[in-house]
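This is entry17.cif. It holds mmCIF, C-alpha atoms.
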data_my_file
#
loop_
_atom_site.label_atom_id
_atom_site.label_comp_id
_atom_site.auth_asym_id
_atom_site.auth_seq_id
_atom_site.Cartn_x
_atom_site.Cartn_y
_atom_site.Cartn_z
CA MET A 9 -19.92 -8.04 -21.30
CA ARG A 10 -20.13 -11.13 -23.48
CA SER A 11 -17.63 -9.63 -25.88
CA ILE A 12 -15.21 -8.89 -23.02
CA LEU A 13 -15.55 -12.48 -21.83
CA ALA A 14 -15.00 -13.81 -25.35
CA VAL A 15 -11.79 -11.80 -25.79
CA PHE A 16 -10.69 -12.75 -22.27
CA LYS A 17 -11.15 -16.48 -22.92
CA ARG A 18 -9.33 -16.22 -26.25
CA GLU A 19 -6.33 -14.48 -24.70
CA VAL A 20 -6.14 -16.83 -21.72
CA ALA A 21 -6.13 -19.78 -24.11
CA LEU A 22 -3.33 -18.16 -26.13
CA TYR A 23 -1.30 -17.54 -22.98
CA PHE A 24 -1.45 -21.13 -21.80
CA ARG A 25 -0.87 -22.67 -25.21
CA SER A 26 2.56 -21.12 -25.39
CA PRO A 27 5.57 -22.91 -23.84
CA ILE A 28 6.71 -19.51 -22.55
CA ALA A 29 3.61 -19.41 -20.34
CA TYR A 30 5.07 -22.33 -18.41
CA ALA A 31 8.72 -21.35 -18.70
CA ILE A 32 8.16 -17.99 -16.97
CA PRO A 33 6.51 -19.39 -13.80
CA PHE A 34 9.08 -22.20 -13.66
CA ALA A 35 11.97 -19.74 -13.87
CA LEU A 36 10.40 -17.36 -11.35
CA THR A 37 9.55 -20.15 -8.91
CA LEU A 38 13.09 -21.49 -9.11
CA PHE A 39 14.60 -18.02 -8.70
CA PHE A 40 12.40 -17.05 -5.77
CA GLY A 41 12.83 -20.47 -4.19
CA LEU A 42 16.61 -20.21 -4.18
CA LEU A 43 16.44 -16.62 -2.97
CA PHE A 44 13.93 -17.44 -0.24
CA ASN A 45 15.98 -20.38 0.98
CA ASP A 46 19.13 -18.27 1.09
CA THR A 47 17.35 -15.40 2.88
CA VAL A 48 15.78 -17.65 5.50
CA THR A 49 19.01 -19.56 6.06
CA ARG A 50 21.13 -16.46 6.54
CA ASN A 51 18.62 -14.42 8.54
CA ASN A 52 16.68 -17.03 10.46
CA GLN A 53 17.94 -15.76 13.77
CA ASN A 54 18.15 -12.08 12.89
CA ALA A 55 15.51 -10.88 10.43
CA PRO A 56 11.88 -10.65 11.64
CA ALA A 57 9.41 -12.91 9.87
CA ASP A 58 7.56 -9.83 8.60
CA VAL A 59 10.65 -8.61 6.75
CA ILE A 60 11.10 -11.94 5.00
CA MET A 61 7.35 -12.16 4.29
CA THR A 62 7.29 -8.87 2.39
CA PHE A 63 10.58 -9.52 0.64
CA ILE A 64 9.14 -11.79 -2.06
CA PRO A 65 6.19 -9.60 -3.20
CA GLY A 66 8.42 -6.54 -2.93
CA LEU A 67 11.03 -8.05 -5.21
CA PHE A 68 8.28 -9.29 -7.51
CA THR A 69 6.99 -5.75 -8.01
CA PHE A 70 10.50 -4.54 -8.81
CA LEU A 71 10.96 -7.27 -11.43
CA LEU A 72 7.75 -6.17 -13.13
CA PHE A 73 9.75 -3.77 -15.28
CA LEU A 74 10.91 -6.96 -17.02
CA ILE A 75 7.86 -9.21 -16.56
CA ALA A 76 5.02 -6.82 -17.47
CA PRO A 77 6.36 -5.82 -20.91
CA LEU A 78 6.79 -9.50 -21.77
CA LEU A 79 3.15 -10.15 -20.89
CA THR A 80 1.69 -7.23 -22.84
CA MET A 81 4.05 -6.63 -25.76
CA ARG A 82 2.26 -9.03 -28.10
CA LEU A 83 -1.35 -8.32 -27.08
CA LEU A 84 -1.94 -5.59 -29.66
CA ALA A 85 1.37 -5.34 -31.51
CA GLU A 86 1.05 -8.88 -32.85
CA GLU A 87 -2.56 -8.29 -33.90
CA THR A 88 -1.50 -5.16 -35.79
CA ARG A 89 1.50 -6.80 -37.45
CA GLU A 90 -0.51 -9.78 -38.65
CA GLY A 91 -3.43 -7.62 -39.77
CA THR A 92 -5.92 -9.34 -37.47
CA LEU A 93 -6.62 -6.23 -35.41
CA GLU A 94 -8.63 -4.65 -38.23
CA ILE A 95 -10.58 -7.89 -38.67
CA LEU A 96 -11.34 -8.14 -34.96
CA MET A 97 -12.45 -4.52 -34.92
CA THR A 98 -15.13 -5.32 -37.50
CA LEU A 99 -16.82 -7.61 -35.01
CA PRO A 100 -19.85 -6.26 -33.10
CA MET A 101 -17.93 -5.07 -30.06
CA LYS A 102 -16.68 -1.76 -28.76
CA GLU A 103 -12.98 -1.01 -28.71
CA TRP A 104 -12.85 -0.84 -24.93
CA HIS A 105 -14.41 -4.30 -24.66
CA PHE A 106 -11.56 -5.63 -26.76
CA ILE A 107 -8.89 -3.82 -24.72
CA VAL A 108 -10.36 -4.74 -21.33
CA GLY A 109 -10.65 -8.40 -22.32
CA LYS A 110 -6.97 -8.54 -23.25
CA PHE A 111 -5.95 -6.65 -20.12
CA LEU A 112 -7.90 -8.95 -17.82
CA ALA A 113 -6.26 -11.99 -19.41
CA ALA A 114 -2.81 -10.53 -18.78
CA TRP A 115 -3.78 -9.60 -15.22
CA LEU A 116 -5.06 -13.13 -14.59
CA TYR A 117 -1.79 -14.61 -15.79
CA TYR A 118 0.10 -12.19 -13.56
CA THR A 119 -2.16 -13.18 -10.66
CA VAL A 120 -1.20 -16.82 -11.20
CA LEU A 121 2.49 -15.89 -11.14
CA LEU A 122 2.05 -13.91 -7.93
CA ALA A 123 -0.05 -16.65 -6.34
CA LEU A 124 2.73 -19.18 -6.91
CA THR A 125 4.90 -17.25 -4.45
CA LEU A 126 2.33 -17.81 -1.70
CA VAL A 127 3.97 -21.18 -1.14
CA TYR A 128 6.86 -19.32 0.49
CA ALA A 129 4.42 -17.47 2.73
CA GLY A 130 3.04 -20.84 3.80
CA ILE A 131 6.53 -22.12 4.59
CA LEU A 132 7.30 -18.98 6.57
CA TRP A 133 4.12 -19.43 8.58
CA ARG A 134 5.35 -22.87 9.57
CA ILE A 135 8.74 -21.65 10.76
CA GLY A 136 7.82 -18.19 12.03
CA VAL A 137 4.94 -15.99 13.08
CA PRO A 138 4.60 -13.24 10.46
CA ASP A 139 2.02 -10.49 10.79
CA ALA A 140 -1.04 -11.44 8.72
CA GLY A 141 -1.89 -7.78 8.12
CA ILE A 142 1.51 -7.00 6.67
CA ALA A 143 1.40 -10.12 4.51
CA PHE A 144 -2.05 -9.24 3.17
CA GLY A 145 -1.06 -5.63 2.49
CA ALA A 146 2.10 -6.68 0.66
CA TYR A 147 0.34 -9.20 -1.59
CA PHE A 148 -2.80 -7.14 -2.15
CA GLY A 149 -0.63 -4.17 -3.03
CA ALA A 150 1.53 -6.27 -5.36
CA TRP A 151 -1.63 -7.47 -7.11
CA LEU A 152 -2.90 -3.92 -7.68
CA TYR A 153 0.61 -2.78 -8.60
CA GLY A 154 0.73 -5.46 -11.29
CA GLY A 155 -2.61 -4.40 -12.74
CA ALA A 156 -1.49 -0.77 -12.96
CA VAL A 157 1.82 -1.65 -14.58
CA LEU A 158 0.19 -3.99 -17.10
CA ALA A 159 -2.25 -1.26 -18.11
CA MET A 160 0.61 1.20 -18.61
CA THR A 161 2.70 -1.18 -20.71
CA LEU A 162 -0.31 -2.15 -22.81
CA ILE A 163 -0.29 1.38 -24.22
CA TRP A 164 2.96 0.74 -26.07
CA SER A 165 1.65 -2.47 -27.58
CA ALA A 166 -1.05 -0.33 -29.20
CA VAL A 167 1.42 2.31 -30.36
CA THR A 168 3.79 0.04 -32.28
CA GLU A 169 3.55 -3.26 -34.09
CA ASP A 170 7.12 -4.14 -33.11
CA GLN A 171 6.95 -6.27 -29.97
CA ILE A 172 10.56 -5.59 -28.99
CA VAL A 173 10.04 -1.84 -29.20
CA ALA A 174 6.81 -2.16 -27.22
CA ALA A 175 8.60 -4.16 -24.52
CA PHE A 176 11.49 -1.70 -24.35
CA LEU A 177 9.21 1.34 -24.08
CA GLY A 178 7.06 -0.44 -21.51
CA ALA A 179 10.08 -1.28 -19.37
CA ALA A 180 11.31 2.32 -19.62
CA THR A 181 7.90 3.63 -18.53
CA ILE A 182 7.83 1.38 -15.47
CA LEU A 183 11.36 2.37 -14.48
CA VAL A 184 10.47 6.06 -14.74
CA LEU A 185 7.44 5.55 -12.49
CA TRP A 186 9.50 3.42 -10.09
CA LEU A 187 12.23 6.06 -9.83
CA ALA A 188 9.81 8.95 -9.35
CA ASP A 189 10.43 9.25 -5.60
CA ILE A 190 14.19 9.49 -6.24
CA ALA A 191 13.56 12.26 -8.76
CA ALA A 192 11.29 13.95 -6.22
CA ALA A 193 14.02 13.83 -3.56
CA TRP A 194 16.50 15.33 -6.01
CA PHE A 195 14.03 18.08 -6.89
CA ALA A 196 13.42 18.86 -3.23
CA ASN A 197 17.16 19.15 -2.52
CA LEU A 198 17.93 21.55 -5.35
CA SER A 199 19.77 24.66 -4.37
CA ASN A 200 17.55 27.67 -3.72
CA THR A 201 14.68 25.31 -3.08
CA GLY A 202 11.45 27.19 -2.64
CA GLU A 203 7.88 26.32 -1.89
CA GLN A 204 7.16 25.84 -5.59
CA ASN A 205 9.91 23.24 -5.92
CA SER A 206 8.58 21.43 -2.86
CA VAL A 207 5.13 21.23 -4.41
CA VAL A 208 6.56 19.93 -7.69
CA ALA A 209 8.63 17.36 -5.79
CA GLU A 210 5.56 16.14 -3.92
CA VAL A 211 3.57 15.85 -7.15
CA ILE A 212 6.36 13.82 -8.76
CA ARG A 213 6.57 11.60 -5.71
CA GLU A 214 2.82 10.94 -5.69
CA LEU A 215 2.93 9.96 -9.36
CA GLY A 216 5.47 7.25 -8.62
CA LEU A 217 4.76 3.61 -7.89
CA ARG A 218 6.91 3.21 -4.80
CA ALA A 219 5.14 5.97 -2.87
CA HIS A 220 1.95 3.92 -3.06
CA TYR A 221 3.41 0.49 -2.42
CA THR A 222 6.92 0.25 -0.96
CA PHE A 223 6.34 2.78 1.81
CA THR A 224 2.73 1.90 2.58
CA MET A 225 1.06 -1.32 1.42
CA ALA A 226 4.26 -3.34 1.60
CA GLN A 227 4.38 -2.34 5.28
CA GLY A 228 0.80 -3.44 5.88
CA ILE A 229 -0.57 0.12 5.66
CA ILE A 230 -3.54 0.02 3.30
CA ARG A 231 -4.70 3.52 2.43
CA ALA A 232 -7.64 4.44 0.23
CA GLU A 233 -5.46 6.87 -1.72
CA ASP A 234 -3.06 4.08 -2.67
CA ILE A 235 -5.86 1.82 -3.88
CA LEU A 236 -7.37 4.71 -5.84
CA TYR A 237 -3.95 5.48 -7.34
CA PHE A 238 -3.58 1.98 -8.77
CA ILE A 239 -7.18 1.96 -10.00
CA PHE A 240 -6.63 5.33 -11.65
CA MET A 241 -3.47 4.06 -13.35
CA MET A 242 -5.37 1.07 -14.70
CA ILE A 243 -8.25 3.19 -15.99
CA ALA A 244 -5.87 5.76 -17.49
CA GLY A 245 -3.80 3.10 -19.23
CA LEU A 246 -6.84 1.36 -20.67
CA PHE A 247 -8.41 4.67 -21.71
CA ILE A 248 -5.28 5.78 -23.57
CA THR A 249 -4.92 2.38 -25.22
CA THR A 250 -8.55 2.45 -26.33
CA ARG A 251 -8.15 5.92 -27.83
CA ILE A 252 -5.07 4.77 -29.77
CA VAL A 253 -6.91 1.75 -31.15
CA GLU A 254 -9.89 3.93 -32.09
CA VAL A 255 -7.66 6.37 -33.99
CA ARG A 256 -6.00 3.48 -35.80
CA ARG A 257 -9.40 2.08 -36.71
CA TRP A 258 -10.63 5.41 -38.10
CA ARG A 259 -7.48 5.82 -40.19
CA SER A 260 -7.85 2.36 -41.66
#
Can you dump the structure from the file as structure tokens?
Amino acid sequence: MRSILAVFKREVALYFRSPIAYAIPFALTLFFGLLFNDTVTRNNQNAPADVIMTFIPGLFTFLLFLIAPLLTMRLLAEETREGTLEILMTLPMKEWHFIVGKFLAAWLYYTVLLALTLVYAGILWRIGVPDAGIAFGAYFGAWLYGGAVLAMTLIWSAVTEDQIVAAFLGAATILVLWLADIAAAWFANLSNTGEQNSVVAEVIRELGLRAHYTFTMAQGIIRAEDILYFIFMMIAGLFITTRIVEVRRWRS
């Protein structure tokens, strides 16, 4: 655990030394602030407080196809390109300690970004009476959603040393998972649809991100299967990344 903590501290320090680490939250806060003000102003008399409350974390999860690759693209790709990955791997630590430490640092930074949007929840509580359960479900789900997406995009940072390629592939992966329920609906509506197609459509839907957030946790419905889905995605992403790093280490 000490090695995980050491890697975690190193990555957190690297995150907050970069000007980009402050530019991203500034840009997001400004963007969400303008959007929140416009939404409240236009819908103050019409939209329920719960709808506005879940709007920010919901939009945040959608934008993760852009944000998550930016947070993970350099974590391993940069180490590989600069040749420091092989040096770090000679230290007395297991590969998964190294991967988990980097992942936790990225997840912490994401948590900070998400937490900044809580200011809008506070404002909404002053001007409306949103449902606390829905608000908790939306933010808790967005937090788990972010962890799962970061773990998935981290895979591509291990695959290639080109950060741009890693970011592009990561964004594509997130979009595929986000659009899974649309693909499932298309599958289910195919001509000559049979029971087999229905099963395939349901499997595709359950693999998607929206089925476990947009239609459940974002509505305040916290199900064990949704929590387990995000945990599984995190474990799977970290496992695959670790295997890739191990193979690269053996080859070197």
Worksheet item: What residues come out when you apply the PyMOL selection byres ((chain A and resi 127) around 12) to this file, written as a PyMOL selection string?
Response: chain A and resi 37+40-41+44+61+64-65+121-126+128-134
Fill in: Residues within 6 Å of Gly109 in chain A, only C-alpha atoms, excluding chain neighbours under 2 positions, as a count of residues only
7
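Between CA of Thr250 in chain A and CA of Tyr117 in chain A the interatomic distance comes to 21.2 Å.
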Discussion item. Applying the PyMOL selection byres ((chain A and resi 236-248) around 6) to the file I just gave you, which residues come out? Please list them as a list in words.
Written reply: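 In the shown coordinates, the PyMOL selection byres ((chain A and resi 236-248) around 6) covers Ala156, Ala159, Met160, Glu233, Asp234, Ile235, Thr249, Thr250 and Arg251 of chain A.
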Discussion item. Env of range 147-154 of chain A: 7 Å cut, atoms = all atoms listed in the file, seq-sep filter 4 positions within chain, self excluded. Answer as an NGL selection string.
Written reply: :A and (65 or 69 or 119 or 143 or 158 or 221 or 225-226 or 238)
Discussion item. What does the structure give for the distance between CA of Phe70 in chain A and CA of Ala166 in chain A, in Å to one decimal?
Written reply: 23.8 Å
Worksheet item: Hey, which of A:Thr80, A:Arg213, A:Met101, A:Phe195 ends up closest to Leu177 in chain A? Count all atoms listed in the file.
Response: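 For Leu177 in chain A, the nearest of the given residues is A:Thr80.
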Worksheet item: Which residue, A:Met81, A:Phe68, A:Val207, A:Ile28, has the smallest gap to Ile172 in chain A when you use all atoms listed in the file?
Response: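 Closest residue, counting all atoms listed in the file: A:Met81.
In this model, the gap between CA of Ala174 in chain A and CA of Tyr23 in chain A comes to 17.9 Å.
For the set A:Val184, A:Ala191, A:Ala209, A:Val167, the residue with the smallest atom-to-atom gap to Arg82 in chain A is A:Val167, counting all atoms listed in the file.
Closest approach to Val255 in chain A among A:Asp189, A:Glu103, A:Glu210, A:Glu169 is made by A:Glu103 (distances from only C-alpha atoms).
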So for range 42-50 of chain A, what box centre and size do we get, axis-aligned, 6 Å extra on each of the six sides, every listed atom, Å to one decimal, as AutoDock Vina command-line options?
--center_x 17.5 --center_y -17.9 --center_z 1.2 --size_x 19.2 --size_y 17.0 --size_z 22.7
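Using only C-alpha atoms, the contacts of Gln227 in chain A at a cut-off of 10 Å, with sequence neighbours closer than 2 positions omitted, comprise Asp58, Val59, Thr62, Gly141, Ile142, Ala143, Phe144, Gly145, Ala146, Gly149, Tyr221, Thr222, Phe223, Thr224, Met225, Ile229 and Ile230 of chain A.
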